[in-house]
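**Student:** Next comes the structure file work.pdb, holding PDB, C-alpha atoms, pLDDT in the B column.
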```
ATOM      1  CA  MET A   1      36.968  23.350  -4.906  1.00 34.00           C
ATOM      2  CA  TYR A   2      34.686  26.290  -5.691  1.00 36.00           C
ATOM      3  CA  GLN A   3      33.991  24.903  -9.151  1.00 38.00           C
ATOM      4  CA  ASN A   4      33.264  21.464  -7.708  1.00 50.00           C
ATOM      5  CA  LYS A   5      30.719  22.915  -5.281  1.00 49.00           C
ATOM      6  CA  ASN A   6      29.065  24.880  -8.045  1.00 46.00           C
ATOM      7  CA  SER A   7      29.019  21.791 -10.237  1.00 55.00           C
ATOM      8  CA  GLU A   8      27.453  19.714  -7.452  1.00 63.00           C
ATOM      9  CA  LYS A   9      24.816  22.385  -6.829  1.00 64.00           C
ATOM     10  CA  LEU A  10      23.980  22.527 -10.530  1.00 58.00           C
ATOM     11  CA  SER A  11      23.747  18.722 -10.670  1.00 80.00           C
ATOM     12  CA  ASN A  12      21.329  18.643  -7.748  1.00 83.00           C
ATOM     13  CA  GLU A  13      19.184  21.312  -9.363  1.00 88.00           C
ATOM     14  CA  ILE A  14      19.035  19.333 -12.606  1.00 88.00           C
ATOM     15  CA  PHE A  15      18.030  16.125 -10.844  1.00 92.00           C
ATOM     16  CA  GLU A  16      15.396  17.960  -8.802  1.00 94.00           C
ATOM     17  CA  THR A  17      13.992  19.408 -12.018  1.00 93.00           C
ATOM     18  CA  ILE A  18      13.829  15.941 -13.572  1.00 94.00           C
ATOM     19  CA  GLU A  19      11.923  14.694 -10.524  1.00 95.00           C
ATOM     20  CA  ARG A  20       9.470  17.599 -10.628  1.00 95.00           C
ATOM     21  CA  GLN A  21       8.725  16.834 -14.257  1.00 96.00           C
ATOM     22  CA  ILE A  22       8.464  13.050 -14.031  1.00 97.00           C
ATOM     23  CA  ILE A  23       6.519  12.435 -10.804  1.00 97.00           C
ATOM     24  CA  PRO A  24       3.332  14.329 -11.769  1.00 97.00           C
ATOM     25  CA  LYS A  25       3.489  12.888 -15.279  1.00 96.00           C
ATOM     26  CA  ALA A  26       3.761   9.315 -13.993  1.00 97.00           C
ATOM     27  CA  PHE A  27       1.032  10.021 -11.440  1.00 97.00           C
ATOM     28  CA  GLN A  28      -1.376  11.442 -14.000  1.00 97.00           C
ATOM     29  CA  HIS A  29      -0.789   8.770 -16.631  1.00 97.00           C
ATOM     30  CA  THR A  30      -1.102   5.973 -14.072  1.00 97.00           C
ATOM     31  CA  VAL A  31      -4.355   7.316 -12.629  1.00 97.00           C
ATOM     32  CA  VAL A  32      -5.870   7.816 -16.084  1.00 96.00           C
ATOM     33  CA  SER A  33      -4.832   4.340 -17.179  1.00 96.00           C
ATOM     34  CA  LEU A  34      -6.163   2.762 -13.979  1.00 95.00           C
ATOM     35  CA  LEU A  35      -9.556   4.445 -14.290  1.00 94.00           C
ATOM     36  CA  LYS A  36      -9.714   3.641 -17.988  1.00 93.00           C
ATOM     37  CA  ASN A  37      -9.121  -0.037 -17.205  1.00 90.00           C
ATOM     38  CA  ASN A  38     -11.486  -0.182 -14.198  1.00 92.00           C
ATOM     39  CA  LYS A  39      -8.589  -0.339 -11.733  1.00 92.00           C
ATOM     40  CA  THR A  40      -7.375  -3.652 -13.120  1.00 93.00           C
ATOM     41  CA  PHE A  41      -3.807  -4.536 -13.998  1.00 95.00           C
ATOM     42  CA  ASN A  42      -4.654  -5.733 -17.496  1.00 95.00           C
ATOM     43  CA  SER A  43      -2.228  -5.873 -20.417  1.00 95.00           C
ATOM     44  CA  ASP A  44      -2.929  -2.273 -21.472  1.00 95.00           C
ATOM     45  CA  PHE A  45      -2.164  -0.949 -18.016  1.00 96.00           C
ATOM     46  CA  LEU A  46       0.960  -3.073 -17.618  1.00 97.00           C
ATOM     47  CA  GLN A  47       2.155  -1.810 -20.997  1.00 96.00           C
ATOM     48  CA  LYS A  48       1.891   1.712 -19.607  1.00 96.00           C
ATOM     49  CA  ILE A  49       4.123   0.762 -16.669  1.00 97.00           C
ATOM     50  CA  THR A  50       6.724  -0.882 -18.911  1.00 97.00           C
ATOM     51  CA  SER A  51       6.680   2.214 -21.118  1.00 98.00           C
ATOM     52  CA  PHE A  52       7.857   4.140 -18.042  1.00 98.00           C
ATOM     53  CA  TYR A  53      10.917   1.876 -17.964  1.00 98.00           C
ATOM     54  CA  GLU A  54      11.777   2.909 -21.498  1.00 98.00           C
ATOM     55  CA  GLU A  55      11.176   6.604 -20.824  1.00 97.00           C
ATOM     56  CA  ALA A  56      13.374   6.471 -17.733  1.00 97.00           C
ATOM     57  CA  LYS A  57      16.100   4.754 -19.754  1.00 97.00           C
ATOM     58  CA  VAL A  58      16.022   7.513 -22.373  1.00 97.00           C
ATOM     59  CA  ILE A  59      16.110  10.272 -19.749  1.00 96.00           C
ATOM     60  CA  SER A  60      18.938   8.480 -17.968  1.00 94.00           C
ATOM     61  CA  GLN A  61      20.981   8.290 -21.153  1.00 93.00           C
ATOM     62  CA  ILE A  62      20.394  11.975 -21.900  1.00 91.00           C
ATOM     63  CA  SER A  63      21.646  12.821 -18.405  1.00 89.00           C
ATOM     64  CA  ILE A  64      24.688  10.610 -18.855  1.00 89.00           C
ATOM     65  CA  ASN A  65      25.548  12.234 -22.164  1.00 88.00           C
ATOM     66  CA  SER A  66      25.174  15.664 -20.626  1.00 83.00           C
ATOM     67  CA  PHE A  67      27.281  14.986 -17.536  1.00 78.00           C
ATOM     68  CA  SER A  68      29.964  13.085 -19.439  1.00 72.00           C
ATOM     69  CA  LYS A  69      31.056  16.362 -20.993  1.00 68.00           C
ATOM     70  CA  ASN A  70      31.835  17.953 -17.636  1.00 63.00           C
ATOM     71  CA  ASN A  71      32.044  15.335 -14.905  1.00 61.00           C
ATOM     72  CA  LYS A  72      32.976  11.798 -15.873  1.00 58.00           C
ATOM     73  CA  ASN A  73      33.040  10.763 -12.203  1.00 56.00           C
ATOM     74  CA  ASP A  74      29.248  11.026 -12.022  1.00 56.00           C
ATOM     75  CA  ILE A  75      28.749   8.491 -14.792  1.00 64.00           C
ATOM     76  CA  ALA A  76      31.489   6.005 -13.838  1.00 78.00           C
ATOM     77  CA  ILE A  77      29.660   2.742 -13.076  1.00 89.00           C
ATOM     78  CA  ALA A  78      31.179  -0.202 -11.195  1.00 91.00           C
ATOM     79  CA  CYS A  79      28.284  -2.606 -11.835  1.00 91.00           C
ATOM     80  CA  GLN A  80      28.908  -5.583 -14.101  1.00 88.00           C
ATOM     81  CA  ARG A  81      27.638  -9.115 -14.581  1.00 85.00           C
ATOM     82  CA  GLY A  82      28.661 -11.277 -11.644  1.00 86.00           C
ATOM     83  CA  CYS A  83      28.561  -8.385  -9.170  1.00 91.00           C
ATOM     84  CA  SER A  84      25.513  -9.029  -7.005  1.00 94.00           C
ATOM     85  CA  PHE A  85      25.993  -7.214  -3.703  1.00 94.00           C
ATOM     86  CA  CYS A  86      22.899  -5.073  -4.373  1.00 94.00           C
ATOM     87  CA  CYS A  87      20.864  -8.289  -4.672  1.00 96.00           C
ATOM     88  CA  HIS A  88      20.997  -8.530  -0.872  1.00 95.00           C
ATOM     89  CA  LEU A  89      19.332  -5.153  -0.324  1.00 95.00           C
ATOM     90  CA  LYS A  90      15.651  -4.564   0.364  1.00 95.00           C
ATOM     91  CA  VAL A  91      13.782  -3.965  -2.893  1.00 97.00           C
ATOM     92  CA  MET A  92      10.365  -2.308  -2.826  1.00 97.00           C
ATOM     93  CA  VAL A  93       8.198  -3.188  -5.829  1.00 98.00           C
ATOM     94  CA  THR A  94       5.016  -1.474  -7.001  1.00 98.00           C
ATOM     95  CA  ALA A  95       1.869  -3.601  -7.181  1.00 96.00           C
ATOM     96  CA  PRO A  96       1.624  -3.749 -10.994  1.00 97.00           C
ATOM     97  CA  GLU A  97       5.264  -4.778 -11.266  1.00 98.00           C
ATOM     98  CA  PHE A  98       4.467  -8.074  -9.552  1.00 96.00           C
ATOM     99  CA  HIS A  99       2.176  -8.787 -12.510  1.00 94.00           C
ATOM    100  CA  ILE A 100       4.951  -7.862 -14.942  1.00 97.00           C
ATOM    101  CA  ILE A 101       7.376 -10.169 -13.159  1.00 96.00           C
ATOM    102  CA  SER A 102       4.762 -12.932 -12.982  1.00 93.00           C
ATOM    103  CA  ASN A 103       4.069 -12.686 -16.701  1.00 94.00           C
ATOM    104  CA  TYR A 104       7.772 -12.897 -17.445  1.00 96.00           C
ATOM    105  CA  ILE A 105       8.136 -15.971 -15.235  1.00 94.00           C
ATOM    106  CA  GLN A 106       5.188 -17.691 -16.864  1.00 91.00           C
ATOM    107  CA  GLU A 107       6.558 -16.989 -20.339  1.00 95.00           C
ATOM    108  CA  THR A 108      10.214 -17.888 -19.768  1.00 96.00           C
ATOM    109  CA  PHE A 109      10.549 -20.291 -16.804  1.00 95.00           C
ATOM    110  CA  PRO A 110       9.876 -24.034 -17.190  1.00 95.00           C
ATOM    111  CA  LYS A 111       7.354 -25.489 -14.725  1.00 91.00           C
ATOM    112  CA  GLU A 112      10.075 -27.188 -12.685  1.00 94.00           C
ATOM    113  CA  LYS A 113      11.899 -23.874 -12.264  1.00 95.00           C
ATOM    114  CA  ILE A 114       8.691 -22.156 -11.122  1.00 92.00           C
ATOM    115  CA  LYS A 115       8.182 -24.858  -8.482  1.00 91.00           C
ATOM    116  CA  ALA A 116      11.759 -24.442  -7.304  1.00 94.00           C
ATOM    117  CA  LEU A 117      11.325 -20.663  -7.192  1.00 94.00           C
ATOM    118  CA  LYS A 118       8.292 -20.974  -4.957  1.00 92.00           C
ATOM    119  CA  THR A 119      10.298 -23.095  -2.539  1.00 94.00           C
ATOM    120  CA  THR A 120      13.146 -20.578  -2.624  1.00 96.00           C
ATOM    121  CA  LEU A 121      10.775 -17.673  -1.970  1.00 96.00           C
ATOM    122  CA  ARG A 122       9.296 -19.414   1.051  1.00 94.00           C
ATOM    123  CA  LYS A 123      12.766 -20.133   2.429  1.00 95.00           C
ATOM    124  CA  THR A 124      14.000 -16.580   1.788  1.00 96.00           C
ATOM    125  CA  VAL A 125      10.985 -14.906   3.391  1.00 95.00           C
ATOM    126  CA  SER A 126      11.085 -17.273   6.374  1.00 95.00           C
ATOM    127  CA  GLU A 127      14.779 -16.652   6.951  1.00 95.00           C
ATOM    128  CA  LYS A 128      14.413 -12.886   6.661  1.00 94.00           C
ATOM    129  CA  ASN A 129      11.500 -12.902   9.109  1.00 93.00           C
ATOM    130  CA  ARG A 130      13.669 -14.688  11.673  1.00 94.00           C
ATOM    131  CA  CYS A 131      16.531 -12.199  11.384  1.00 93.00           C
ATOM    132  CA  ALA A 132      17.194 -10.070  14.447  1.00 86.00           C
ATOM    133  CA  ASP A 133      18.716  -7.106  12.622  1.00 91.00           C
ATOM    134  CA  LEU A 134      19.412  -5.558   9.227  1.00 92.00           C
ATOM    135  CA  ALA A 135      22.888  -7.062   8.934  1.00 91.00           C
ATOM    136  CA  GLU A 136      21.443 -10.573   9.195  1.00 93.00           C
ATOM    137  CA  ARG A 137      18.801  -9.820   6.562  1.00 93.00           C
ATOM    138  CA  LEU A 138      21.434  -8.423   4.222  1.00 94.00           C
ATOM    139  CA  ALA A 139      23.286 -11.735   4.395  1.00 94.00           C
ATOM    140  CA  ILE A 140      20.348 -13.359   2.574  1.00 95.00           C
ATOM    141  CA  GLN A 141      20.313 -12.935  -1.184  1.00 96.00           C
ATOM    142  CA  CYS A 142      17.307 -12.252  -3.417  1.00 97.00           C
ATOM    143  CA  SER A 143      15.333 -15.335  -4.475  1.00 97.00           C
ATOM    144  CA  PHE A 144      15.787 -14.389  -8.123  1.00 97.00           C
ATOM    145  CA  LEU A 145      19.580 -14.394  -7.990  1.00 96.00           C
ATOM    146  CA  GLU A 146      21.114 -17.336  -9.881  1.00 94.00           C
ATOM    147  CA  ASN A 147      24.865 -17.755 -10.319  1.00 91.00           C
ATOM    148  CA  ASN A 148      25.349 -14.099  -9.381  1.00 91.00           C
ATOM    149  CA  ALA A 149      22.957 -12.976 -12.124  1.00 94.00           C
ATOM    150  CA  CYS A 150      19.326 -11.835 -12.038  1.00 96.00           C
ATOM    151  CA  SER A 151      16.957 -14.474 -13.440  1.00 97.00           C
ATOM    152  CA  ILE A 152      14.274 -11.833 -14.131  1.00 97.00           C
ATOM    153  CA  TYR A 153      16.603  -9.119 -15.402  1.00 96.00           C
ATOM    154  CA  GLU A 154      14.406  -8.203 -18.382  1.00 97.00           C
ATOM    155  CA  ALA A 155      11.428  -7.719 -16.044  1.00 98.00           C
ATOM    156  CA  ARG A 156      13.269  -6.232 -13.065  1.00 98.00           C
ATOM    157  CA  PRO A 157      11.385  -3.481 -11.198  1.00 98.00           C
ATOM    158  CA  PHE A 158      12.005   0.261 -10.970  1.00 98.00           C
ATOM    159  CA  THR A 159      14.122  -0.079  -7.819  1.00 98.00           C
ATOM    160  CA  CYS A 160      16.593  -2.459  -9.430  1.00 97.00           C
ATOM    161  CA  ARG A 161      16.743  -0.477 -12.664  1.00 97.00           C
ATOM    162  CA  ALA A 162      17.532   2.676 -10.675  1.00 97.00           C
ATOM    163  CA  TYR A 163      20.456   1.209  -8.782  1.00 95.00           C
ATOM    164  CA  TYR A 164      23.893   1.688 -10.314  1.00 94.00           C
ATOM    165  CA  SER A 165      26.863   1.882  -7.983  1.00 95.00           C
ATOM    166  CA  LYS A 166      30.084   3.789  -8.588  1.00 93.00           C
ATOM    167  CA  ASP A 167      32.077   1.600  -6.191  1.00 94.00           C
ATOM    168  CA  SER A 168      31.408  -2.129  -5.825  1.00 94.00           C
ATOM    169  CA  LYS A 169      33.848  -2.365  -2.913  1.00 94.00           C
ATOM    170  CA  VAL A 170      31.635  -0.050  -0.877  1.00 95.00           C
ATOM    171  CA  CYS A 171      28.616  -2.167  -1.808  1.00 94.00           C
ATOM    172  CA  GLN A 172      30.385  -5.242  -0.481  1.00 94.00           C
ATOM    173  CA  LYS A 173      31.419  -3.510   2.756  1.00 95.00           C
ATOM    174  CA  TYR A 174      27.891  -2.120   3.261  1.00 95.00           C
ATOM    175  CA  LEU A 175      26.515  -5.617   3.793  1.00 93.00           C
ATOM    176  CA  LYS A 176      28.424  -5.702   7.084  1.00 92.00           C
ATOM    177  CA  ASN A 177      28.571  -1.987   7.851  1.00 93.00           C
ATOM    178  CA  GLN A 178      25.328  -0.113   7.172  1.00 93.00           C
ATOM    179  CA  ASN A 179      26.879   3.177   8.289  1.00 93.00           C
ATOM    180  CA  LEU A 180      28.532   3.470   4.878  1.00 94.00           C
ATOM    181  CA  ASP A 181      26.987   5.495   2.072  1.00 95.00           C
ATOM    182  CA  ILE A 182      26.956   3.685  -1.256  1.00 94.00           C
ATOM    183  CA  PRO A 183      27.793   6.118  -4.080  1.00 93.00           C
ATOM    184  CA  ILE A 184      25.128   5.647  -6.741  1.00 93.00           C
ATOM    185  CA  SER A 185      24.677   7.183 -10.171  1.00 92.00           C
ATOM    186  CA  MET A 186      22.018   9.874  -9.900  1.00 92.00           C
ATOM    187  CA  CYS A 187      21.731   9.865 -13.693  1.00 92.00           C
ATOM    188  CA  HIS A 188      20.203   6.403 -13.399  1.00 94.00           C
ATOM    189  CA  TYR A 189      18.532   6.673 -10.008  1.00 96.00           C
ATOM    190  CA  THR A 190      16.611   9.918 -10.501  1.00 96.00           C
ATOM    191  CA  PRO A 191      14.339   9.075 -13.476  1.00 97.00           C
ATOM    192  CA  TYR A 192      13.533   5.492 -12.435  1.00 98.00           C
ATOM    193  CA  ASN A 193      12.838   6.472  -8.835  1.00 97.00           C
ATOM    194  CA  ALA A 194      10.711   9.419  -9.943  1.00 98.00           C
ATOM    195  CA  PHE A 195       8.524   7.194 -12.133  1.00 98.00           C
ATOM    196  CA  LYS A 196       8.188   4.741  -9.241  1.00 98.00           C
ATOM    197  CA  ARG A 197       7.117   7.513  -6.859  1.00 98.00           C
ATOM    198  CA  GLY A 198       4.524   8.748  -9.341  1.00 98.00           C
ATOM    199  CA  VAL A 199       3.077   5.239  -9.753  1.00 98.00           C
ATOM    200  CA  ILE A 200       2.912   4.671  -5.991  1.00 98.00           C
ATOM    201  CA  GLN A 201       1.151   8.000  -5.442  1.00 97.00           C
ATOM    202  CA  ALA A 202      -1.377   7.077  -8.131  1.00 97.00           C
ATOM    203  CA  LEU A 203      -2.045   3.700  -6.511  1.00 97.00           C
ATOM    204  CA  GLU A 204      -2.515   5.373  -3.130  1.00 97.00           C
ATOM    205  CA  VAL A 205      -5.136   7.861  -4.332  1.00 96.00           C
ATOM    206  CA  THR A 206      -7.007   5.099  -6.182  1.00 95.00           C
ATOM    207  CA  ASP A 207      -7.251   3.152  -2.901  1.00 93.00           C
ATOM    208  CA  PHE A 208      -4.939   0.214  -3.521  1.00 93.00           C
ATOM    209  CA  GLU A 209      -4.231  -1.413  -0.172  1.00 87.00           C
ATOM    210  CA  LEU A 210      -0.601  -2.308  -0.966  1.00 90.00           C
ATOM    211  CA  PRO A 211       0.831   0.161  -3.515  1.00 95.00           C
ATOM    212  CA  ALA A 212       4.295  -1.311  -2.965  1.00 97.00           C
ATOM    213  CA  GLU A 213       5.770  -4.316  -1.193  1.00 96.00           C
ATOM    214  CA  GLU A 214       9.128  -6.000  -0.614  1.00 96.00           C
ATOM    215  CA  LEU A 215      10.075  -8.127  -3.621  1.00 97.00           C
ATOM    216  CA  ASN A 216      10.414 -11.568  -2.031  1.00 96.00           C
ATOM    217  CA  SER A 217       7.465 -11.427   0.364  1.00 94.00           C
ATOM    218  CA  GLY A 218       5.267  -9.708  -2.219  1.00 95.00           C
ATOM    219  CA  MET A 219       6.097 -12.268  -4.893  1.00 95.00           C
ATOM    220  CA  LEU A 220       5.406 -15.112  -2.499  1.00 94.00           C
ATOM    221  CA  ARG A 221       2.005 -13.645  -1.642  1.00 90.00           C
ATOM    222  CA  PHE A 222       1.317 -13.157  -5.332  1.00 88.00           C
ATOM    223  CA  TYR A 223       2.260 -16.749  -6.164  1.00 82.00           C
ATOM    224  CA  ASN A 224      -1.293 -18.017  -5.969  1.00 62.00           C
ATOM    225  CA  LEU A 225      -1.743 -16.370  -9.387  1.00 57.00           C
ATOM    226  CA  ILE A 226       1.092 -18.472 -10.758  1.00 53.00           C
ATOM    227  CA  ASP A 227      -0.039 -21.790  -9.278  1.00 60.00           C
ATOM    228  CA  GLN A 228      -2.574 -22.330 -12.019  1.00 49.00           C
ATOM    229  CA  PHE A 229       0.292 -22.711 -14.477  1.00 46.00           C
ATOM    230  CA  LEU A 230       2.042 -25.457 -12.480  1.00 46.00           C
TER     231      LEU A 230
END
```
Take the structure in the file and write it out as structure tokens.
**Tutor:**
Amino acid sequence: MYQNKNSEKLSNEIFETIERQIIPKAFQHTVVSLLKNNKTFNSDFLQKITSFYEEAKVISQISINSFSKNNKNDIAIACQRGCSFCCHLKVMVTAPEFHIISNYIQETFPKEKIKALKTTLRKTVSEKNRCADLAERLAIQCSFLENNACSIYEARPFTCRAYYSKDSKVCQKYLKNQNLDIPISMCHYTPYNAFKRGVIQALEVTDFELPAEELNSGMLRFYNLIDQFL
């Protein structure tokens, strides 16, 4: 027990250190890139955001390799294709990520699928807005979920990339009982969430009105930029 407590304390310290290193870096690089590109989400700026995905992936893998030597329980992941309980949770997306998702949709979705997506987004947002409580909202799946798989997986945002569960049964139960704590992999969560926090802070200080927004409602609002391709 003593060793487990010491191990947990050491793990927390490592993850806190990772956060302290990543957040200011993401903040600084995002601010510089924004100012360099006149506060526009052009291709150069979006490339900077996607580069954060790759950096977070590398850091995550380093953490996994490190912890696998001492504590395999921390890296045991229950997520697999076809498991989509997390696709009912609220997903906050940074403003530039809507552009990344939009670009992916424009490049990979046929026009008919884009039209259908717009209809689905409207229905999803409308249904969520009518829900009386969290449990009702959690019963509604993400608009991008198709056959229990993410249709924008390659362009998924920080929040989705950060989320890896250690117990899918708890994820399933959480949809009806929000008092449960879902055990997530901190090796994955920490770097992706830290980059997201740095980006949001950068958007806030550069006076963006909506630094982050819920995925479905934000994508629906953003859809006027996609309409020109229909």
**Student:** Evaluate the PyMOL selection byres ((chain A and resi 17-20) around 9) on the structure here and hand back the selected residues as a ChimeraX atom specification.
**Tutor:** /A:12-16,21-25,59,190-191,193-195
**Student:** Could those residues be written to a file, using C-alpha atoms, as a PDB file, in the coordinates of the input?
**Tutor:**
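What landed in again01.pdb:
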```pdb
ATOM      1  CA  ASN A  12      21.329  18.643  -7.748  1.00 83.00           C
ATOM      2  CA  GLU A  13      19.184  21.312  -9.363  1.00 88.00           C
ATOM      3  CA  ILE A  14      19.035  19.333 -12.606  1.00 88.00           C
ATOM      4  CA  PHE A  15      18.030  16.125 -10.844  1.00 92.00           C
ATOM      5  CA  GLU A  16      15.396  17.960  -8.802  1.00 94.00           C
ATOM      6  CA  GLN A  21       8.725  16.834 -14.257  1.00 96.00           C
ATOM      7  CA  ILE A  22       8.464  13.050 -14.031  1.00 97.00           C
ATOM      8  CA  ILE A  23       6.519  12.435 -10.804  1.00 97.00           C
ATOM      9  CA  PRO A  24       3.332  14.329 -11.769  1.00 97.00           C
ATOM     10  CA  LYS A  25       3.489  12.888 -15.279  1.00 96.00           C
ATOM     11  CA  ILE A  59      16.110  10.272 -19.749  1.00 96.00           C
ATOM     12  CA  THR A 190      16.611   9.918 -10.501  1.00 96.00           C
ATOM     13  CA  PRO A 191      14.339   9.075 -13.476  1.00 97.00           C
ATOM     14  CA  ASN A 193      12.838   6.472  -8.835  1.00 97.00           C
ATOM     15  CA  ALA A 194      10.711   9.419  -9.943  1.00 98.00           C
ATOM     16  CA  PHE A 195       8.524   7.194 -12.133  1.00 98.00           C
TER      17      PHE A 195
END
```
**Student:** Output as lines of an AutoDock Vina configuration file the centre and edge lengths (Å, one decimal) of the box along x, y and z of the file that holds every listed atom of range 172-182 of chain A after adding 3 Å on each side.
**Tutor:**
```
center_x = 28.4
center_y = -0.1
center_z = 3.5
size_x = 12.1
size_y = 17.2
size_z = 15.5
```
**Student:** What is the CA of His88 in chain A to CA of Gln201 in chain A distance in Å?
**Tutor:**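 So the two atoms, CA of His88 in chain A and CA of Gln201 in chain A, lie 26.2 Å apart.
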**Student:** List every residue of range 99-192 of chain A that has an atom at most 12 Å from any atom of range 36-50 of chain A, and for each one report the closest atom pair and its distance in Å to one decimal, counting all atoms listed in the file, with rows sorted by chain and then by increasing residue number, as CSV.
**Tutor:**
```
residue,atom,partner,partner_atom,distance
A:His99,CA,A:Phe41,CA,7.5
A:Ile100,CA,A:Leu46,CA,6.8
A:Ile101,CA,A:Leu46,CA,10.6
A:Ser102,CA,A:Leu46,CA,11.5
A:Asn103,CA,A:Ser43,CA,10.0
A:Tyr104,CA,A:Leu46,CA,12.0
A:Glu154,CA,A:Thr50,CA,10.6
A:Ala155,CA,A:Thr50,CA,8.8
A:Arg156,CA,A:Thr50,CA,10.3
A:Pro157,CA,A:Thr50,CA,9.4
A:Phe158,CA,A:Thr50,CA,9.6
A:Arg161,CA,A:Thr50,CA,11.8
A:Tyr192,CA,A:Ile49,CA,11.4
```
**Student:** Nearest to Cys171 in chain A: which of A:Ile200, A:Leu220, A:Ala116, A:Cys87 is it, counting only C-alpha atoms?
**Tutor:**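 Counting only C-alpha atoms, the residue closest to Cys171 in chain A is A:Cys87.
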**Student:** Residues within 8 Å of Ala149 in chain A, please, as a list in words. Count only C-alpha atoms; anything in the same chain fewer than 6 positions from it doesn't count.
**Tutor:**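 Everything that qualifies: Arg81, Gly82, Cys83 and Ser84 of chain A.
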**Student:** Can you work out which one of A:Pro183, A:Leu121, A:Lys196, A:Pro211 has the shortest atom-to-atom distance to Phe27 in chain A, counting only C-alpha atoms?
**Tutor:**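 Of the candidates, the smallest distance to Phe27 in chain A is held by A:Lys196.
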**Student:** List the residues matched by the PyMOL selection byres ((chain A and resi 219) around 9) in the displayed structure as a PyMOL selection string, ordered by chain and then by residue number.
**Tutor:** chain A and resi 98+101-102+118+121+213-218+220-223
**Student:** What gap, in Å, lies between CA of Arg122 in chain A and CA of Ile152 in chain A?
**Tutor:** 17.7 Å
**Student:** Go through A:Gln106, A:Tyr189, A:Lys57, A:Ala78 and flag the residue nearest Thr159 in chain A, using all atoms listed in the file for the distances.
**Tutor:**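 Answer, going by the shortest atom-to-atom distance: A:Tyr189.
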**Student:** The residues within 6 Å of (20.6, 4.8, -11.5), using only C-alpha atoms and the coordinates of the file, should be reported as a list in words; which are they?
**Tutor:** Ala162, Tyr163, Tyr164, Ser185, Met186, Cys187, His188 and Tyr189 of chain A
**Student:** Just to be explicit: take each residue in the selection above, keep C-alpha atoms, and write the result as a tab-separated table (two decimals), in the coordinates of the input.
**Tutor:**
```
chain	number	residue	atom	x	y	z
A	162	ALA	CA	17.53	2.68	-10.68
A	163	TYR	CA	20.46	1.21	-8.78
A	164	TYR	CA	23.89	1.69	-10.31
A	185	SER	CA	24.68	7.18	-10.17
A	186	MET	CA	22.02	9.87	-9.90
A	187	CYS	CA	21.73	9.86	-13.69
A	188	HIS	CA	20.20	6.40	-13.40
A	189	TYR	CA	18.53	6.67	-10.01
```
**Student:** What is the CA of Ala202 in chain A to CA of Val32 in chain A distance in Å?
**Tutor:**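 Spanning CA of Ala202 in chain A to CA of Val32 in chain A is a straight-line distance of 9.2 Å.
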**Student:** Which of these residues is nearest to Ile182 in chain A, using only C-alpha atoms: A:Leu89, A:Val125, A:Leu134, A:Val31?
**Tutor:**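 The shortest atom-to-atom distance to Ile182 in chain A comes from A:Leu89.
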**Student:** Could I see range 198-209 of chain A restored to N, CA and C atoms, set down as a CSV table (one decimal), in the frame of the given file?
**Tutor:**
```csv
chain,number,residue,atom,x,y,z
A,198,GLY,N,5.8,8.3,-8.7
A,198,GLY,CA,4.5,8.7,-9.3
A,198,GLY,C,3.5,7.6,-9.4
A,199,VAL,N,4.0,6.4,-9.7
A,199,VAL,CA,3.1,5.2,-9.8
A,199,VAL,C,2.5,4.9,-8.4
A,200,ILE,N,3.4,5.0,-7.4
A,200,ILE,CA,2.9,4.7,-6.0
A,200,ILE,C,1.9,5.7,-5.5
A,201,GLN,N,2.1,7.0,-5.8
A,201,GLN,CA,1.2,8.0,-5.4
A,201,GLN,C,-0.2,7.8,-6.1
A,202,ALA,N,-0.1,7.3,-7.4
A,202,ALA,CA,-1.4,7.1,-8.1
A,202,ALA,C,-2.1,5.9,-7.5
A,203,LEU,N,-1.4,4.9,-7.1
A,203,LEU,CA,-2.0,3.7,-6.5
A,203,LEU,C,-2.7,4.1,-5.2
A,204,GLU,N,-2.0,5.0,-4.4
A,204,GLU,CA,-2.5,5.4,-3.1
A,204,GLU,C,-3.8,6.1,-3.3
A,205,VAL,N,-3.9,7.1,-4.2
A,205,VAL,CA,-5.1,7.9,-4.3
A,205,VAL,C,-6.3,7.1,-5.0
A,206,THR,N,-6.0,5.9,-5.6
A,206,THR,CA,-7.0,5.1,-6.2
A,206,THR,C,-7.3,3.9,-5.3
A,207,ASP,N,-6.8,4.1,-4.0
A,207,ASP,CA,-7.3,3.2,-2.9
A,207,ASP,C,-6.7,1.7,-3.0
A,208,PHE,N,-5.5,1.5,-3.6
A,208,PHE,CA,-4.9,0.2,-3.5
A,208,PHE,C,-4.3,0.0,-2.1
A,209,GLU,N,-4.6,-1.1,-1.6
A,209,GLU,CA,-4.2,-1.4,-0.2
A,209,GLU,C,-2.7,-1.5,0.0
```
